[in-house]
Amino acid sequence: MSDACWSERQSGWSPKSDDARSPFDVDYARIVHSHAFRRLQGKTQILNLGDSDFYRTRLTHTLEVAQIASGIARQFRAFFKDHPAYDWVPDESLVKTISYCHDIGHPPFGHGGEVALNYCMREHGGFEGNGQTLRIVSKLEKMSEKHGADLTRRALLGMMKYPVAFSKVNNGELSPQLNPKTTAVSLIDRERSAPPKCFMDGEQDVVDWVLEPLYSHDREVFCGVDRKDGKHGKTRFKSWDCSIMDLADDIAYGVHDFEDAIALGLVREEHFREDISEDDCAAFLGDLVESNPKKYTGRAYEAMIEGLFGEDNRRKQFIGKLVHFFIVAVKIRELEAFREPILKYKAVLPKGHARILEALKSFVFKRVIRAPSVQHLEFKGQTMVVAVFETLMSEPKAFLPEAVYREFHRSGDNLRIICDYVASMTDMMLLKTYDRLFSPRMGSIFDRV
């Protein structure tokens with residue numbers, strides 16, 4: 001398929017003759033200047049706002065993902081010149097655009113907010129953070145009359161991590177509900193209310209346009225779903241560009257969120273020894289020994305632990321070693337299921353590298369994400385999201401800002417408009433809205449709504 005079709009925009013817009021930018025440079029500029037991108041600075045990666053000035057926000061995490069993804073693409077351009085995927089390696093502007101977009105659909109309070117909004121929208125098409133990303137860039141941003149940020153087809157495909165609609169992967173037996181274990185208070189069932197990974201049905205027209213250039217067989221395979229009893233369906237494939245971004249996201253999550261956890265005292269050396277064995281780290285330890293046999297032979301595992309849990313400067317050096325270790329090892333896998341190059345290739349890690357990254361990700365999830373201290377904050381944020389949403393929908397004209405209410409009214413009272421408004425809030429904006437509505441001593445008529 002021609003490369004030119006992937007730089008097209010849904011509106012048909014093209015730059016003036018004196019514009020030196022490539023189509024992907026334009027995409028990059030539009031995302032950098034978007035409202036949704038700026039709001040990432042007010043959405044936290046793991047912890048609640050106000051605890052520390054050290055930990056990563058969604059914005060700093062996003063910048064790290066972009067840097068790692070750019071590094072992977074640079075490796076491909078430098079060392080895979082004879083590979084058939086070489087001509088399809090994304091340029092830096094495209095890589096950054098896709099990376100900058102990957103989290104902009106996430107609501108306040110992270111996964112807790114996502115679960116809360118999926119519960120609130122349980123009878124109105126659901127909610128999923130990655131699907132909201134596509135909705136923002138294709139419809140909600142105000143850089144075109146009808147097509148949001150009006151990005152190129154390739155950029156939209158690259159940020160589409162789950163190319164199947166909500167209705168096609170949702171298991172109706174897992175519909176969100178209240179927790180049956182509580183009686184004095186109404187709490188949502190968090191497990192049942194977690195959404196499937198997907199885009200929302202309202203963006204099917206956008207997806208159809210993005211996938212239009214593909215061979216019909218490629219399109220059908222790309223949108224395939226795996227199903228298991230008692231689970232939501234799961235998509236099978238991501239595009240070539242998306243695989244680069246997704247791997248960079250995993251590296252940033254596994255390494256940098258791990259770094260935060262150590263620095264903030266959330267995990268200790270004994271936790272690491274208990275959960276991540278020397279065998280799990282074998283590929284990285286071998287790399288250390290090869291780089292300096294005299295220093296690391298026979299004690300590489302101990303040296304790694306001393307570096308990670310010792311002085312700050314040593315930790316930063318080992319974190320840098322880990323990121324470099326992953327980036328330079330990334331390979332290209334060819335998928336025989338596809339003819340189209342933009343789907344045919346995938347960025348992957350060798351087995352040993354993948355094992356340690358998976359160990360780090362599992363460690364962060366077990367020791368940080370699922371820790372009671374973090375779960376308390378996630379639960380509280382989730383509860384506030386539900387309370388704000390249900391209050392706004394109870395009397396939209398009384399509680400919505402005027403501009404949002406006008407859009408709600410024009411839409412025929414579509415609750416998706418209220419969902420968009422709540423999902424766009426930063427953590428602090430949601431907290432202030434909650435306080436205005438529910439805290440007796442908070443709020444003023446002069447507060448901006």
# chains A, B, ... in the order shown; residues from 1 in each chain; ligands from 1
>>> select_by_dssp(residues="stretch 187-316 of chain A", states="strand (DSSP E)", output="list of chain:residue names")
A:Val225, A:Asp226, A:Lys234, A:Thr235
>>> write_last_selection(atoms="all heavy atoms", output="compact mmCIF listing (two decimals), in the first residue's frame")
# COMPACT_ATOMS: atom_id res chain seq x y z
N VAL A 225 -10.42 -10.96 17.66
CA VAL A 225 -10.57 -10.96 19.11
C VAL A 225 -10.42 -12.38 19.66
O VAL A 225 -10.94 -13.33 19.07
CB VAL A 225 -11.96 -10.41 19.51
CG1 VAL A 225 -12.16 -10.48 21.03
CG2 VAL A 225 -12.13 -8.98 19.02
N ASP A 226 -9.69 -12.52 20.77
CA ASP A 226 -9.63 -13.79 21.50
C ASP A 226 -10.62 -13.74 22.64
O ASP A 226 -10.74 -12.71 23.34
CB ASP A 226 -8.22 -14.02 22.06
CG ASP A 226 -7.20 -14.32 20.98
OD1 ASP A 226 -7.57 -14.99 20.00
OD2 ASP A 226 -6.04 -13.88 21.10
N LYS A 234 -10.21 -10.00 24.09
CA LYS A 234 -8.93 -9.31 23.99
C LYS A 234 -8.52 -9.20 22.53
O LYS A 234 -8.62 -10.16 21.77
CB LYS A 234 -7.84 -10.06 24.77
CG LYS A 234 -7.97 -9.93 26.28
CD LYS A 234 -6.74 -10.51 26.97
CE LYS A 234 -6.80 -10.28 28.48
NZ LYS A 234 -5.58 -10.79 29.16
N THR A 235 -8.03 -8.02 22.17
CA THR A 235 -7.52 -7.83 20.82
C THR A 235 -6.21 -8.59 20.65
O THR A 235 -5.51 -8.88 21.63
CB THR A 235 -7.30 -6.34 20.51
OG1 THR A 235 -6.40 -5.79 21.48
CG2 THR A 235 -8.61 -5.58 20.57
>>> select_by_dssp(residues="stretch 116-261 of chain A", states="alpha helix (DSSP H)", output="ChimeraX atom specification")
/A:116-120,129-135,153-159,166-169,190-193,204-211,216-222,240-251,257-261
>>> closest_atom_pairs(of="stretch 194-309 of chain A", to="stretch 62-86 of chain A", cutoff="7 Å", atoms="only C-alpha atoms", output="JSON lines")
{"residue": "A:Ile244", "atom": "CA", "partner": "A:Ala69", "partner_atom": "CA", "distance": 6.0}
{"residue": "A:Met245", "atom": "CA", "partner": "A:Ala69", "partner_atom": "CA", "distance": 5.5}
{"residue": "A:Ala248", "atom": "CA", "partner": "A:Ala69", "partner_atom": "CA", "distance": 5.1}
{"residue": "A:Asp249", "atom": "CA", "partner": "A:Val65", "partner_atom": "CA", "distance": 5.3}
{"residue": "A:Ala252", "atom": "CA", "partner": "A:Val65", "partner_atom": "CA", "distance": 5.9}
>>> closest_residue(among="A:Glu390, A:Glu402, A:Asp287, A:Glu358", to="A:Ile251", atoms="only C-alpha atoms")
A:Glu358
>>> residues_around(residues="A:Arg273", least_positions_apart="5", cutoff="12 Å", atoms="only C-alpha atoms", output="PyMOL selection string")
chain A and resi 267-268+278-281+301-302+304-306+308-309+359-360+363
>>> closest_residue(among="A:Arg135, A:Ile417, A:Glu173, A:Asn130", to="A:Tyr405", atoms="only C-alpha atoms")
A:Ile417
>>> atom_distance(atom1="atom CA of A:Ser175", atom2="atom CA of A:His409")
27.8 Å
>>> residues_around(residues="A:Asp257", least_positions_apart="4", cutoff="12 Å", atoms="only C-alpha atoms", output="ChimeraX atom specification")
/A:44-47,54-58,60-61,64-65,249-253,261-264,266-267,319,360-365,367-369
>>> residues_around(residues="A:Asp420", least_positions_apart="2", cutoff="10 Å", atoms="only C-alpha atoms", output="list in words")
Gly105, Pro107, Leu117, Phe127, Gln132, Arg135, Ile136, Leu140, Val404, Leu415, Arg416, Ile417, Ile418, Val422, Ala423, Ser424 and Met425 of chain A
>>> closest_residue(among="A:Asp27, A:Glu123, A:Asp435, A:Glu311", to="A:Val137", atoms="only C-alpha atoms")
A:Asp27
>>> decode(residues="stretch 242-295 of chain A", atoms="C-alpha atoms", output="PDB file, in the first residue's frame")
ATOM      1  CA  CYS A 242       2.128   1.145  18.173  1.00  0.00           C
ATOM      2  CA  SER A 243       4.355  -1.808  19.089  1.00  0.00           C
ATOM      3  CA  ILE A 244       7.328   0.570  19.442  1.00  0.00           C
ATOM      4  CA  MET A 245       5.367   2.932  21.675  1.00  0.00           C
ATOM      5  CA  ASP A 246       3.836   0.095  23.692  1.00  0.00           C
ATOM      6  CA  LEU A 247       7.209  -1.493  24.388  1.00  0.00           C
ATOM      7  CA  ALA A 248       8.590   1.904  25.428  1.00  0.00           C
ATOM      8  CA  ASP A 249       5.609   2.303  27.768  1.00  0.00           C
ATOM      9  CA  ASP A 250       6.361  -1.080  29.349  1.00  0.00           C
ATOM     10  CA  ILE A 251      10.016  -0.124  29.836  1.00  0.00           C
ATOM     11  CA  ALA A 252       9.096   3.221  31.411  1.00  0.00           C
ATOM     12  CA  TYR A 253       6.569   1.519  33.697  1.00  0.00           C
ATOM     13  CA  GLY A 254       8.854  -1.345  34.665  1.00  0.00           C
ATOM     14  CA  VAL A 255      11.976   0.735  35.241  1.00  0.00           C
ATOM     15  CA  HIS A 256      11.019   4.319  36.098  1.00  0.00           C
ATOM     16  CA  ASP A 257       7.977   3.543  38.248  1.00  0.00           C
ATOM     17  CA  PHE A 258      10.196   1.000  39.998  1.00  0.00           C
ATOM     18  CA  GLU A 259      12.724   3.799  40.561  1.00  0.00           C
ATOM     19  CA  ASP A 260      10.021   5.994  42.120  1.00  0.00           C
ATOM     20  CA  ALA A 261       8.949   3.183  44.417  1.00  0.00           C
ATOM     21  CA  ILE A 262      12.497   2.800  45.768  1.00  0.00           C
ATOM     22  CA  ALA A 263      13.108   6.534  46.134  1.00  0.00           C
ATOM     23  CA  LEU A 264       9.858   7.043  48.038  1.00  0.00           C
ATOM     24  CA  GLY A 265      10.496   4.085  50.356  1.00  0.00           C
ATOM     25  CA  LEU A 266       7.525   2.069  49.114  1.00  0.00           C
ATOM     26  CA  VAL A 267       9.652  -1.018  48.468  1.00  0.00           C
ATOM     27  CA  ARG A 268      12.686  -2.403  50.220  1.00  0.00           C
ATOM     28  CA  GLU A 269      15.650  -4.550  49.310  1.00  0.00           C
ATOM     29  CA  GLU A 270      14.129  -7.638  50.939  1.00  0.00           C
ATOM     30  CA  HIS A 271      11.014  -7.239  48.756  1.00  0.00           C
ATOM     31  CA  PHE A 272      13.195  -7.262  45.655  1.00  0.00           C
ATOM     32  CA  ARG A 273      15.107 -10.372  46.755  1.00  0.00           C
ATOM     33  CA  GLU A 274      11.834 -12.134  47.543  1.00  0.00           C
ATOM     34  CA  ASP A 275      10.136 -11.345  44.219  1.00  0.00           C
ATOM     35  CA  ILE A 276      12.931 -11.065  41.625  1.00  0.00           C
ATOM     36  CA  SER A 277      15.497 -13.848  41.538  1.00  0.00           C
ATOM     37  CA  GLU A 278      19.002 -13.941  40.113  1.00  0.00           C
ATOM     38  CA  ASP A 279      17.651 -16.142  37.323  1.00  0.00           C
ATOM     39  CA  ASP A 280      15.045 -13.492  36.440  1.00  0.00           C
ATOM     40  CA  CYS A 281      17.875 -10.983  35.993  1.00  0.00           C
ATOM     41  CA  ALA A 282      20.271 -13.338  34.176  1.00  0.00           C
ATOM     42  CA  ALA A 283      20.351 -11.395  30.896  1.00  0.00           C
ATOM     43  CA  PHE A 284      21.050  -8.069  32.615  1.00  0.00           C
ATOM     44  CA  LEU A 285      23.627  -9.592  34.970  1.00  0.00           C
ATOM     45  CA  GLY A 286      25.413 -11.150  31.992  1.00  0.00           C
ATOM     46  CA  ASP A 287      25.505  -7.724  30.376  1.00  0.00           C
ATOM     47  CA  LEU A 288      27.071  -6.247  33.533  1.00  0.00           C
ATOM     48  CA  VAL A 289      29.757  -8.937  33.655  1.00  0.00           C
ATOM     49  CA  GLU A 290      30.555  -8.467  29.976  1.00  0.00           C
ATOM     50  CA  SER A 291      30.936  -4.719  30.469  1.00  0.00           C
ATOM     51  CA  ASN A 292      33.298  -5.070  33.451  1.00  0.00           C
ATOM     52  CA  PRO A 293      34.404  -8.668  34.259  1.00  0.00           C
ATOM     53  CA  LYS A 294      36.710  -7.684  37.110  1.00  0.00           C
ATOM     54  CA  LYS A 295      34.030  -5.704  38.917  1.00  0.00           C
TER      55      LYS A 295
END
